[in-house]
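Structure file target-v2.txt with compact mmCIF, C-alpha atoms:
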# COMPACT_ATOMS: atom_id res chain seq x y z
CA MET G 650 -8.87 -46.90 -53.73
CA ARG G 651 -6.22 -45.77 -56.20
CA ARG G 652 -3.73 -43.17 -55.03
CA HIS G 653 -2.02 -40.81 -57.46
CA GLY G 654 1.69 -41.51 -57.90
CA GLU G 655 4.40 -39.11 -56.87
CA THR G 656 6.17 -39.28 -60.24
CA THR G 657 5.12 -39.58 -63.85
CA PRO G 658 7.27 -41.41 -66.41
CA GLY G 659 8.43 -39.12 -69.17
CA ALA G 660 7.95 -35.91 -67.18
CA PRO G 661 10.62 -33.33 -68.04
CA ALA G 662 13.36 -32.62 -65.56
CA VAL G 663 12.61 -29.78 -63.16
CA ARG G 664 14.53 -26.65 -64.05
CA HIS G 665 14.41 -23.04 -62.99
CA VAL G 666 12.28 -20.83 -65.21
CA PRO G 667 12.22 -17.09 -64.37
CA SER G 668 8.77 -15.87 -63.38
CA LEU G 669 8.90 -13.14 -66.01
CA SER G 670 9.31 -15.78 -68.73
CA VAL G 671 6.39 -17.76 -67.32
CA ALA G 672 4.21 -14.65 -67.16
CA ARG G 673 5.07 -13.80 -70.77
CA TRP G 674 4.28 -17.34 -71.90
CA CYS G 675 0.89 -17.23 -70.18
CA ALA G 676 0.07 -13.85 -71.70
CA GLU G 677 1.03 -15.10 -75.16
CA ASN G 678 -1.58 -17.81 -74.71
CA GLY G 679 -4.17 -15.13 -73.90
CA TRP G 680 -4.23 -15.80 -70.15
CA PRO G 681 -4.27 -12.66 -67.96
CA VAL G 682 -1.64 -12.89 -65.21
CA HIS G 683 -1.06 -11.22 -61.85
CA PRO G 684 1.80 -11.46 -59.33
CA LEU G 685 1.73 -13.82 -56.38
CA ALA G 686 3.49 -12.99 -53.13
CA PRO G 687 7.10 -14.27 -53.28
CA GLY G 688 7.27 -17.82 -51.97
CA ARG G 689 3.47 -18.10 -51.63
CA LYS G 690 0.48 -19.18 -53.69
CA THR G 691 -1.59 -16.15 -52.68
CA PRO G 692 -1.78 -12.84 -54.60
CA ALA G 693 0.67 -10.06 -53.88
CA GLY G 694 -0.52 -7.79 -51.09
CA ASN G 695 -2.64 -4.76 -51.87
CA CYS G 696 -1.30 -1.26 -51.49
CA PRO G 697 -2.04 0.33 -48.04
CA ASP G 698 -5.08 2.22 -49.32
CA CYS G 699 -6.68 -0.90 -50.80
CA ARG G 700 -5.76 -3.01 -47.78
CA ASP G 701 -7.30 -0.63 -45.25
CA ARG G 702 -10.33 0.53 -47.24
CA PRO G 703 -12.79 -2.15 -48.41
CA HIS G 704 -14.10 -1.24 -51.86
CA ASP G 705 -15.19 -2.69 -55.18
CA PRO G 706 -12.12 -3.57 -57.31
CA ARG G 707 -13.98 -2.34 -60.40
CA THR G 708 -13.85 1.22 -59.06
CA CYS G 709 -10.27 1.06 -57.76
CA PRO G 710 -7.84 3.55 -59.34
CA CYS G 711 -4.92 1.16 -58.75
CA LEU G 712 -5.83 -1.14 -61.61
CA PRO G 713 -5.85 1.43 -64.42
CA ALA G 714 -2.70 2.91 -62.85
CA GLY G 715 -0.93 -0.44 -63.24
CA ARG G 716 -0.69 -1.47 -59.58
CA PRO G 717 -1.29 -5.19 -58.96
CA CYS G 718 -3.94 -4.83 -56.27
CA HIS G 719 -6.98 -7.08 -55.81
CA GLY G 720 -5.44 -10.34 -56.99
CA PHE G 721 -6.92 -11.78 -60.17
CA HIS G 722 -8.81 -8.55 -60.83
CA ALA G 723 -5.42 -7.10 -61.83
CA GLY G 724 -4.82 -9.86 -64.39
CA THR G 725 -3.41 -8.55 -67.66
CA THR G 726 -1.77 -9.66 -70.90
CA ASP G 727 -0.13 -6.24 -71.43
CA PRO G 728 3.58 -6.98 -72.11
CA ARG G 729 4.75 -3.64 -70.68
CA ARG G 730 2.85 -4.06 -67.44
CA ILE G 731 4.07 -7.65 -67.08
CA GLU G 732 7.65 -6.50 -67.66
CA GLU G 733 7.30 -3.83 -64.96
CA TRP G 734 5.71 -6.09 -62.37
CA TRP G 735 8.17 -8.97 -62.58
CA THR G 736 11.19 -6.73 -63.08
CA ASP G 737 10.29 -4.91 -59.86
CA SER G 738 9.66 -8.22 -58.05
CA PRO G 739 11.40 -11.08 -59.89
CA ARG G 740 10.68 -13.55 -57.07
CA SER G 741 6.92 -13.11 -57.38
CA GLY G 742 5.04 -16.15 -58.58
CA VAL G 743 2.55 -16.11 -61.44
CA GLY G 744 -1.21 -16.36 -61.02
CA VAL G 745 -3.60 -16.79 -63.95
CA ALA G 746 -7.10 -15.28 -63.83
CA CYS G 747 -9.21 -18.24 -64.93
CA GLY G 748 -12.44 -16.52 -65.99
CA PRO G 749 -10.99 -14.01 -68.48
CA ALA G 750 -8.66 -16.76 -69.76
CA ASP G 751 -11.62 -19.08 -70.48
CA LEU G 752 -9.98 -21.73 -68.31
CA VAL G 753 -11.66 -24.37 -66.16
CA VAL G 754 -9.17 -26.04 -63.84
CA ILE G 755 -10.03 -29.14 -61.82
CA ASP G 756 -8.07 -28.84 -58.57
CA ILE G 757 -7.66 -32.22 -56.88
CA ASP G 758 -6.61 -32.06 -53.24
CA ALA G 759 -4.73 -34.68 -51.27
CA HIS G 760 -5.15 -33.08 -47.86
CA SER G 761 -5.37 -35.14 -44.72
CA ALA G 762 -8.97 -34.77 -43.59
CA PRO G 763 -11.72 -36.95 -42.12
CA VAL G 764 -13.65 -38.69 -44.89
CA PRO G 765 -17.30 -37.57 -44.84
CA ASP G 766 -20.34 -39.78 -45.12
CA ARG G 767 -20.69 -41.43 -48.54
CA SER G 768 -23.71 -39.21 -49.25
CA ARG G 769 -21.35 -36.21 -49.44
CA LEU G 770 -18.59 -37.69 -51.59
CA LEU G 771 -20.29 -37.08 -54.97
CA PRO G 772 -22.98 -34.42 -54.57
CA GLY G 773 -26.26 -35.57 -56.10
CA ILE G 774 -25.06 -39.13 -56.70
CA PRO G 775 -26.08 -41.73 -54.11
CA ILE G 776 -23.37 -44.29 -53.52
CA HIS G 777 -24.91 -47.67 -52.66
CA GLU G 778 -23.70 -49.47 -49.57
CA SER G 779 -22.47 -52.28 -51.80
CA VAL G 780 -19.74 -50.00 -53.20
CA ASN G 781 -16.56 -50.67 -51.24
CA LEU G 782 -15.00 -47.36 -50.24
CA ALA G 783 -12.21 -48.83 -48.14
CA GLY G 784 -9.02 -46.82 -48.58
CA LEU G 785 -10.74 -43.72 -49.99
CA ALA G 786 -8.68 -40.82 -48.70
CA SER G 787 -8.48 -37.88 -51.13
CA GLY G 788 -9.83 -36.05 -54.13
CA PHE G 789 -7.93 -38.42 -56.42
CA ASP G 790 -10.24 -41.17 -55.21
CA THR G 791 -13.50 -39.21 -55.54
CA MET G 792 -12.51 -37.93 -59.00
CA ALA G 793 -11.79 -41.50 -60.13
CA LEU G 794 -15.06 -42.61 -58.56
CA LEU G 795 -17.05 -39.94 -60.43
CA ALA G 796 -15.39 -40.90 -63.72
CA ALA G 797 -16.14 -44.59 -63.09
CA PHE G 798 -19.80 -43.82 -62.35
CA ARG G 799 -20.02 -42.05 -65.73
CA GLY G 800 -18.01 -44.68 -67.62
CA GLN G 801 -15.30 -42.16 -68.45
CA SER G 802 -11.52 -41.99 -68.13
CA ASP G 803 -10.12 -40.42 -64.98
CA PRO G 804 -9.15 -36.77 -65.68
CA ALA G 805 -6.16 -37.16 -63.36
CA GLU G 806 -4.72 -39.50 -66.01
CA ASP G 807 -5.60 -37.28 -69.00
CA GLU G 808 -2.29 -36.96 -70.84
CA ASN G 809 -3.84 -34.79 -73.57
CA THR G 810 -4.12 -31.72 -71.36
CA LEU G 811 -1.86 -29.68 -69.11
CA ARG G 812 -1.61 -31.24 -65.66
CA VAL G 813 0.35 -29.62 -62.86
CA ARG G 814 1.40 -31.37 -59.66
CA THR G 815 1.20 -29.12 -56.60
CA PRO G 816 3.73 -29.01 -53.75
CA SER G 817 1.17 -30.60 -51.40
CA GLY G 818 0.75 -33.63 -53.67
CA GLY G 819 -2.45 -32.44 -55.34
CA LEU G 820 -3.06 -31.99 -59.06
CA HIS G 821 -4.33 -29.15 -61.23
CA ILE G 822 -5.96 -30.36 -64.45
CA TRP G 823 -6.22 -27.46 -66.90
CA TYR G 824 -8.99 -27.37 -69.50
CA ARG G 825 -10.03 -24.75 -72.04
CA ASN G 826 -13.68 -23.74 -72.08
CA PRO G 827 -14.70 -24.51 -75.69
CA ASP G 828 -17.88 -22.43 -75.40
CA PRO G 829 -17.05 -18.97 -73.98
CA ARG G 830 -20.78 -18.15 -73.89
CA THR G 831 -21.04 -20.56 -70.96
CA ARG G 832 -19.28 -19.53 -67.75
CA TYR G 833 -18.45 -21.83 -64.87
CA ARG G 834 -18.15 -20.67 -61.30
CA SER G 835 -15.38 -21.62 -58.90
CA SER G 836 -16.16 -23.93 -56.01
CA ALA G 837 -14.58 -25.82 -53.13
CA GLY G 838 -14.81 -29.58 -52.71
CA SER G 839 -15.75 -29.07 -49.06
CA SER G 840 -18.76 -26.91 -49.89
CA PRO G 841 -22.17 -28.39 -49.06
CA LYS G 842 -23.81 -26.12 -51.65
CA VAL G 843 -21.86 -26.26 -54.94
CA ALA G 844 -19.17 -28.92 -55.36
CA LEU G 845 -18.06 -31.39 -58.02
CA ALA G 846 -16.70 -33.97 -55.57
CA TRP G 847 -15.19 -34.12 -52.10
CA GLN G 848 -11.66 -32.63 -52.12
CA VAL G 849 -12.08 -31.58 -55.76
CA ASP G 850 -12.16 -27.80 -56.25
CA VAL G 851 -13.04 -25.96 -59.46
CA ARG G 852 -11.13 -22.85 -60.53
CA ALA G 853 -13.03 -20.78 -63.09
CA GLU G 854 -14.90 -17.46 -62.91
CA GLY G 855 -13.98 -15.57 -59.76
CA GLY G 856 -10.77 -17.50 -59.21
CA TYR G 857 -7.17 -17.94 -60.26
CA ILE G 858 -4.69 -20.77 -60.65
CA VAL G 859 -0.95 -20.94 -60.00
CA ALA G 860 1.06 -21.16 -63.22
CA PRO G 861 3.36 -24.16 -63.73
CA THR G 862 7.01 -23.81 -62.59
CA THR G 863 6.00 -21.29 -59.88
CA ARG G 864 7.93 -22.04 -56.70
CA THR G 865 6.64 -21.51 -53.17
CA SER G 866 8.20 -22.24 -49.80
CA GLN G 867 6.54 -25.68 -49.97
CA GLY G 868 7.93 -26.57 -53.41
CA ARG G 869 7.36 -26.18 -57.13
CA TYR G 870 4.25 -26.45 -59.28
CA GLU G 871 5.50 -28.99 -61.81
CA ALA G 872 3.93 -29.84 -65.19
CA LEU G 873 3.51 -33.57 -65.77
CA GLY G 874 3.78 -35.49 -69.00
CA ALA G 875 4.26 -33.90 -72.41
CA ALA G 876 1.15 -31.70 -72.73
CA ARG G 877 1.79 -28.04 -72.06
CA LEU G 878 -1.54 -26.53 -73.15
CA PRO G 879 -5.11 -27.13 -71.95
CA ALA G 880 -7.32 -29.42 -74.00
CA PRO G 881 -11.02 -28.58 -74.48
CA LEU G 882 -13.18 -29.34 -71.46
CA PRO G 883 -14.60 -32.86 -72.00
CA GLY G 884 -18.32 -32.91 -72.64
CA TRP G 885 -19.05 -35.25 -69.75
CA LEU G 886 -17.23 -32.94 -67.31
CA ALA G 887 -19.14 -29.95 -68.70
CA ALA G 888 -22.36 -31.88 -68.04
CA GLU G 889 -21.25 -32.68 -64.48
CA LEU G 890 -20.43 -29.03 -63.84
CA ALA G 891 -23.88 -28.07 -65.08
CA ARG G 892 -25.52 -30.78 -62.96
CA THR G 893 -23.76 -29.62 -59.80
CA GLY G 894 -24.72 -25.95 -60.23
CA HIS G 895 -21.46 -24.56 -61.61
CA VAL G 896 -22.95 -22.79 -64.64
CA VAL G 897 -23.35 -19.03 -64.38
CA ALA G 898 -25.74 -17.08 -66.63
CA PRO G 899 -24.67 -17.28 -70.31
CA ARG G 900 -22.17 -14.67 -71.41
CA PRO G 901 -23.08 -12.50 -74.42
CA LEU G 902 -20.91 -12.78 -77.49
CA GLY G 903 -18.97 -9.77 -78.72
CA PRO G 904 -15.62 -8.00 -78.41
CA SER G 905 -16.35 -6.74 -74.91
CA ARG G 906 -17.55 -9.01 -72.14
CA PRO G 907 -18.99 -7.71 -68.86
CA ARG G 908 -17.29 -8.73 -65.69
CA PRO G 909 -19.01 -11.71 -64.05
CA GLY G 910 -21.55 -11.10 -61.34
CA PRO G 911 -21.85 -12.94 -58.02
CA ALA G 912 -21.23 -16.68 -58.38
CA GLY G 913 -24.16 -18.83 -57.38
CA VAL G 914 -26.10 -15.94 -55.89
CA PRO G 915 -29.84 -15.41 -56.43
CA PRO G 916 -31.01 -11.95 -57.53
CA ALA G 917 -31.46 -9.50 -54.71
CA ARG G 918 -35.06 -9.04 -53.68
CA ARG G 919 -34.23 -5.50 -52.58
CA GLY G 920 -32.00 -2.83 -54.04
CA ARG G 921 -28.25 -3.31 -53.84
CA ARG G 922 -26.64 -1.49 -50.94
CA PRO G 923 -22.89 -2.09 -51.31
CA LYS G 924 -21.83 0.81 -49.08
CA SER G 925 -24.05 -0.34 -46.24
CA ALA G 926 -22.92 -3.92 -46.75
CA HIS G 927 -19.26 -2.88 -46.52
CA ARG G 928 -20.02 -1.06 -43.28
CA VAL G 929 -21.42 -4.31 -41.87
CA LEU G 930 -18.46 -6.40 -43.05
CA ALA G 931 -15.56 -4.01 -42.35
CA PRO G 932 -15.53 -4.38 -38.53
CA LEU G 933 -15.51 -8.18 -38.85
CA LEU G 934 -12.58 -8.05 -41.27
CA ALA G 935 -10.76 -5.71 -38.91
CA GLU G 936 -11.20 -8.21 -36.08
CA VAL G 937 -9.62 -10.91 -38.23
CA GLY G 938 -6.72 -8.62 -39.14
CA ARG G 939 -6.07 -7.73 -35.51
CA CYS G 940 -5.35 -11.41 -34.80
CA ALA G 941 -1.95 -10.77 -36.42
CA ALA G 942 -0.79 -9.27 -33.13
CA THR G 943 -1.02 -12.71 -31.48
CA ALA G 944 0.38 -15.88 -33.01
CA GLU G 945 -2.09 -18.23 -31.31
CA GLY G 946 -5.51 -18.16 -29.76
CA VAL G 947 -7.66 -14.99 -29.77
CA GLY G 948 -10.45 -16.90 -31.53
CA PHE G 949 -9.03 -16.45 -35.05
CA THR G 950 -11.02 -19.33 -36.57
CA GLU G 951 -14.28 -18.17 -35.06
CA LYS G 952 -13.69 -14.57 -36.18
CA LEU G 953 -12.80 -15.56 -39.75
CA ASN G 954 -15.78 -17.91 -39.92
CA ARG G 955 -18.13 -15.16 -38.66
CA ALA G 956 -16.77 -12.72 -41.26
CA ALA G 957 -17.11 -15.30 -44.04
CA PHE G 958 -20.65 -16.24 -42.95
CA THR G 959 -21.68 -12.59 -42.95
CA ALA G 960 -19.99 -11.99 -46.32
CA GLY G 961 -21.76 -15.01 -47.81
CA GLY G 962 -25.11 -13.67 -46.67
CA LEU G 963 -24.43 -10.20 -48.07
CA ALA G 964 -23.34 -11.69 -51.39
CA ALA G 965 -26.38 -13.99 -51.51
CA ALA G 966 -28.62 -10.96 -51.03
CA GLY G 967 -26.90 -9.27 -53.98
CA HIS G 968 -25.27 -6.41 -52.06
CA LEU G 969 -21.67 -7.52 -52.66
CA ARG G 970 -19.89 -9.65 -55.26
CA GLU G 971 -18.82 -13.08 -54.07
CA ASP G 972 -15.37 -12.87 -55.71
CA GLU G 973 -14.87 -9.45 -54.10
CA VAL G 974 -15.65 -10.61 -50.56
CA ARG G 975 -13.57 -13.75 -51.06
CA ASP G 976 -10.58 -11.52 -51.87
CA LEU G 977 -11.22 -9.35 -48.81
CA LEU G 978 -11.47 -12.38 -46.53
CA ALA G 979 -8.34 -13.97 -47.96
CA ALA G 980 -6.37 -10.76 -47.52
CA ALA G 981 -7.44 -10.36 -43.89
CA ALA G 982 -6.70 -14.02 -43.12
CA HIS G 983 -3.31 -13.83 -44.83
CA GLU G 984 -2.38 -10.77 -42.78
CA ALA G 985 -3.20 -12.60 -39.53
CA ARG G 986 -2.17 -16.21 -40.27
CA PRO G 987 0.02 -16.30 -43.42
CA TRP G 988 1.50 -19.70 -42.52
CA GLN G 989 -1.81 -21.60 -42.79
CA GLU G 990 -3.17 -20.64 -46.19
CA ALA G 991 -4.92 -23.97 -46.84
CA ARG G 992 -6.77 -23.82 -43.53
CA ASN G 993 -7.69 -20.16 -44.08
CA GLN G 994 -9.19 -21.01 -47.47
CA LYS G 995 -11.22 -23.87 -46.02
CA ILE G 996 -12.66 -21.64 -43.29
CA ILE G 997 -13.54 -19.01 -45.90
CA HIS G 998 -15.10 -21.53 -48.30
CA ASP G 999 -17.22 -23.14 -45.59
CA GLY G 1000 -18.27 -19.83 -44.06
CA LEU G 1001 -19.30 -18.35 -47.41
CA ALA G 1002 -21.29 -21.46 -48.29
CA ALA G 1003 -23.11 -21.44 -44.97
CA GLY G 1004 -23.83 -17.72 -45.18
CA ALA G 1005 -25.11 -18.00 -48.75
CA ALA G 1006 -27.96 -20.18 -47.49
CA ARG G 1007 -29.20 -17.23 -45.40
CA PRO G 1008 -29.24 -13.98 -47.43
CA LEU G 1009 -28.36 -10.97 -45.31
CA HIS G 1010 -29.46 -7.40 -45.87
CA PRO G 1011 -27.78 -4.57 -43.95
CA GLU G 1012 -30.95 -4.13 -41.93
CA GLY G 1013 -31.24 -7.83 -41.09
CA ARG G 1014 -31.75 -11.34 -42.46
CA SER G 1015 -34.35 -11.92 -45.16

Conversion result in structure tokens:
Amino acid sequence: MRRHGETTPGAPAVRHVPSLSVARWCAENGWPVHPLAPGRKTPAGNCPDCRDRPHDPRTCPCLPAGRPCHGFHAGTTDPRRIEEWWTDSPRSGVGVACGPADLVVIDIDAHSAPVPDRSRLLPGIPIHESVNLAGLASGFDTMALLAAFRGQSDPAEDENTLRVRTPSGGLHIWYRNPDPRTRYRSSAGSSPKVALAWQVDVRAEGGYIVAPTTRTSQGRYEALGAARLPAPLPGWLAAELARTGHVVAPRPLGPSRPRPGPAGVPPARRGRRPKSAHRVLAPLLAEVGRCAATAEGVGFTEKLNRAAFTAGGLAAAGHLREDEVRDLLAAAAHEARPWQEARNQKIIHDGLAAGAARPLHPEGRS
């Protein structure tokens, strides 16, 4: 199968761009931004109160006070707040809150991982045994395969839209949602429940994307080709997102838009009990955080998976928001194992997906 090249002819030379300038540019395009931890692709850490006290970001006093807690929930286009944040921490990277920005980003991974059975490569599309899959190794291959099945051009080669190469060799393909009434949920390519293709993630509602030129300890997020703005989401990709369960309930038109609810979660059959749900989840998050005291062992993977599975069940039952619990899990995992962000995210994604299949109420499974 085709592998994505390491360089693109005509790509501009890499140069240093201050994060403040990048944040301003994003905000000018109407994309809410939030700081990333210096040298990392994860959001800046919460203040001590937010870190130690699980709570709904919508009720947090830090956000109206201008503190960048809760990751993409803090996203803003306010020039004064942006100036303050990146003046105080000029080495912070720039994250873009995809949902409020009406962005849908196709995140193609090139991670080294065992290739699953062909039935899991393109969810919902059976791949006949006659199709030669020799050499298939990454999301670049499954994305090209999906495009070929639909008779379309490979998005990884779409020179009309902003494409950003990641330090790990992956690719972010930025698109603008041309119909803001339709919202798309984020997903992971490893999820057995909602996925576009194996090793192809979707960043939309309930997620964020790293802005181009941001530098981490692994390298720089580098824009490819000449396009510097997202093109409209192609109709065939919109249809694929709808087919694979990425569409959230339509968003009402108007000057004010409600914050999105849980992604991919059925309505609760009982009343919401967020306080009780937090009491169930908090001890599991604390166990994950305590793994920071030991660099290896102590069952970190099992503890994070158990917390994610429980969180997925609570979100599926409607007691907690999926984007909220994802933030809490990511923060706890980052505190304990900050050097393995990709692995942490995979454990969280898989645990949430598994838990979502079994809704959990504070008094027991439904």

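For segment 789-802 of chain G, the set of protein, DNA and RNA residues having any atom at most 9 Å away, when counting all atoms listed in the file and skipping those fewer than 5 positions along the same chain, is G:Met650, G:Arg651, G:Arg652, G:His653, G:Ile757, G:Asp758, G:Ala759, G:Leu770, G:Leu771, G:Ile774, G:Gly784, G:Asp807, G:Gly819, G:Leu820, G:Leu845, G:Ala846, G:Trp847, G:Gln848, G:Val849, G:Trp885, G:Leu886.
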
Box along x, y and z, 6 Å on every side, all listed atoms of segment 705-716 of chain G inside: centre and edge lengths in Å to one decimal, as JSON.
{"center_x": -7.9, "center_y": 0.0, "center_z": -59.8, "size_x": 26.5, "size_y": 19.1, "size_z": 21.2}

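Note that atom CA of Arg955 of chain G and atom CA of Cys747 of chain G are 27.9 Å apart.
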
Per residue of segment 785-820 of chain G within 7 Å of segment 863-871 of chain G, what are the shortest atom pair and its distance in Å to one decimal, counting all atoms listed in the file, with rows by chain and residue number, as CSV?
residue,atom,partner,partner_atom,distance
G:Val813,CA,G:Glu871,CA,5.3
G:Arg814,CA,G:Glu871,CA,5.2
G:Thr815,CA,G:Tyr870,CA,4.9
G:Pro816,CA,G:Gly868,CA,4.9

Export of the given selection (C-alpha atoms) as a PDB file, keeping the file's coordinate frame:
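Output below, filename again_31.pdb:
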ATOM      1  CA  VAL G 813       0.350 -29.620 -62.860  1.00  0.00           C
ATOM      2  CA  ARG G 814       1.400 -31.370 -59.660  1.00  0.00           C
ATOM      3  CA  THR G 815       1.200 -29.120 -56.600  1.00  0.00           C
ATOM      4  CA  PRO G 816       3.730 -29.010 -53.750  1.00  0.00           C
TER       5      PRO G 816
END

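If you measure from each of G:His683, G:Arg992, G:His1010, G:Lys924 to Leu963 of chain G using all atoms listed in the file, the closest one turns out to be G:His1010.
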
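The shortest atom-to-atom distance to Arg877 of chain G, with all atoms listed in the file taken into account, belongs to G:Asn809 out of G:Asn954, G:Asn781, G:Gln994, G:Asn809.
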
Dump as a Markdown table the rows for residues of segment 671-719 of chain G within 10 Å of segment 965-985 of chain G: closest atom pair and distance in Å with one decimal, all atoms listed in the file counted, ordered by chain and rising residue number.
| residue | atom | partner | partner_atom | distance |
| --- | --- | --- | --- | --- |
| G:Thr691 | CA | G:His983 | CA | 8.4 |
| G:Pro692 | CA | G:Ala980 | CA | 8.7 |
| G:Ala693 | CA | G:Ala980 | CA | 9.5 |
| G:Gly694 | CA | G:Ala980 | CA | 7.5 |
| G:Asn695 | CA | G:Ala980 | CA | 8.3 |
| G:Cys699 | CA | G:Leu977 | CA | 9.8 |
| G:Arg700 | CA | G:Ala980 | CA | 7.8 |
| G:Asp701 | CA | G:Ala981 | CA | 9.8 |
| G:Pro703 | CA | G:Leu977 | CA | 7.4 |
| G:His704 | CA | G:Glu973 | CA | 8.5 |
| G:Asp705 | CA | G:Glu973 | CA | 6.9 |
| G:Pro706 | CA | G:Glu973 | CA | 7.2 |
| G:Arg707 | CA | G:Glu973 | CA | 9.5 |
| G:His719 | CA | G:Asp976 | CA | 6.9 |

Open item on the list: Could you list, as an NGL selection string, every residue within 9 Å of Cys696 of chain G, counting only C-alpha atoms and ignoring same-chain residues fewer than 5 positions away?
Closed with: :G and (701 or 711 or 716-718)

TODO: Find the residue from G:Glu808, G:Glu951, G:Asp756, G:Glu732 that sits nearest to Arg852 of chain G; use only C-alpha atoms when measuring.
DONE: G:Asp756

Task: Separation of atom CA of Arg812 of chain G from atom CA of Ile858 of chain G, in Å and rounded to one decimal - done: 12.0 Å

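With all atoms listed in the file as the atoms that count, the minimum distance from Arg702 of chain G to the choices G:Gly724, G:Pro861, G:Pro739, G:Pro932 is reached by G:Pro932.
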
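When only C-alpha atoms are used to measure the gap to Val745 of chain G, the shortest distance among G:Glu806, G:Glu889, G:Glu854, G:Asp999 belongs to G:Glu854.
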
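Here atom CA of Pro804 of chain G and atom CA of Trp823 of chain G stand 9.8 Å from one another.
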
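Using only C-alpha atoms for every distance, the candidate list G:Pro772, G:Pro881, G:Pro684, G:Gly855 yields G:Pro772 as the residue closest to Gly838 of chain G.
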
Open item on the list: Env of Gly1000 of chain G: 9 Å cut, atoms = all atoms listed in the file, seq-sep filter 3 positions within chain, self excluded. Answer as a ChimeraX atom specification.
Closed with: /G:953-961,995-997,1003-1005

Just write the chosen residues, C-alpha atoms, as a compact mmCIF listing (two decimals), in the frame of the given file.
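Result file follows (selection35.txt):
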# COMPACT_ATOMS: atom_id res chain seq x y z
CA LEU G 953 -12.80 -15.56 -39.75
CA ASN G 954 -15.78 -17.91 -39.92
CA ARG G 955 -18.13 -15.16 -38.66
CA ALA G 956 -16.77 -12.72 -41.26
CA ALA G 957 -17.11 -15.30 -44.04
CA PHE G 958 -20.65 -16.24 -42.95
CA THR G 959 -21.68 -12.59 -42.95
CA ALA G 960 -19.99 -11.99 -46.32
CA GLY G 961 -21.76 -15.01 -47.81
CA LYS G 995 -11.22 -23.87 -46.02
CA ILE G 996 -12.66 -21.64 -43.29
CA ILE G 997 -13.54 -19.01 -45.90
CA ALA G 1003 -23.11 -21.44 -44.97
CA GLY G 1004 -23.83 -17.72 -45.18
CA ALA G 1005 -25.11 -18.00 -48.75

- [ ] Could you give me, as a PyMOL selection string, the residues that sit within 12 Å of (-26.9, -25.4, -59.6) in the file's coordinates, counting all atoms listed in the file?
- [x] chain G and resi 772-773+833-834+836+841-845+888-898+912-915
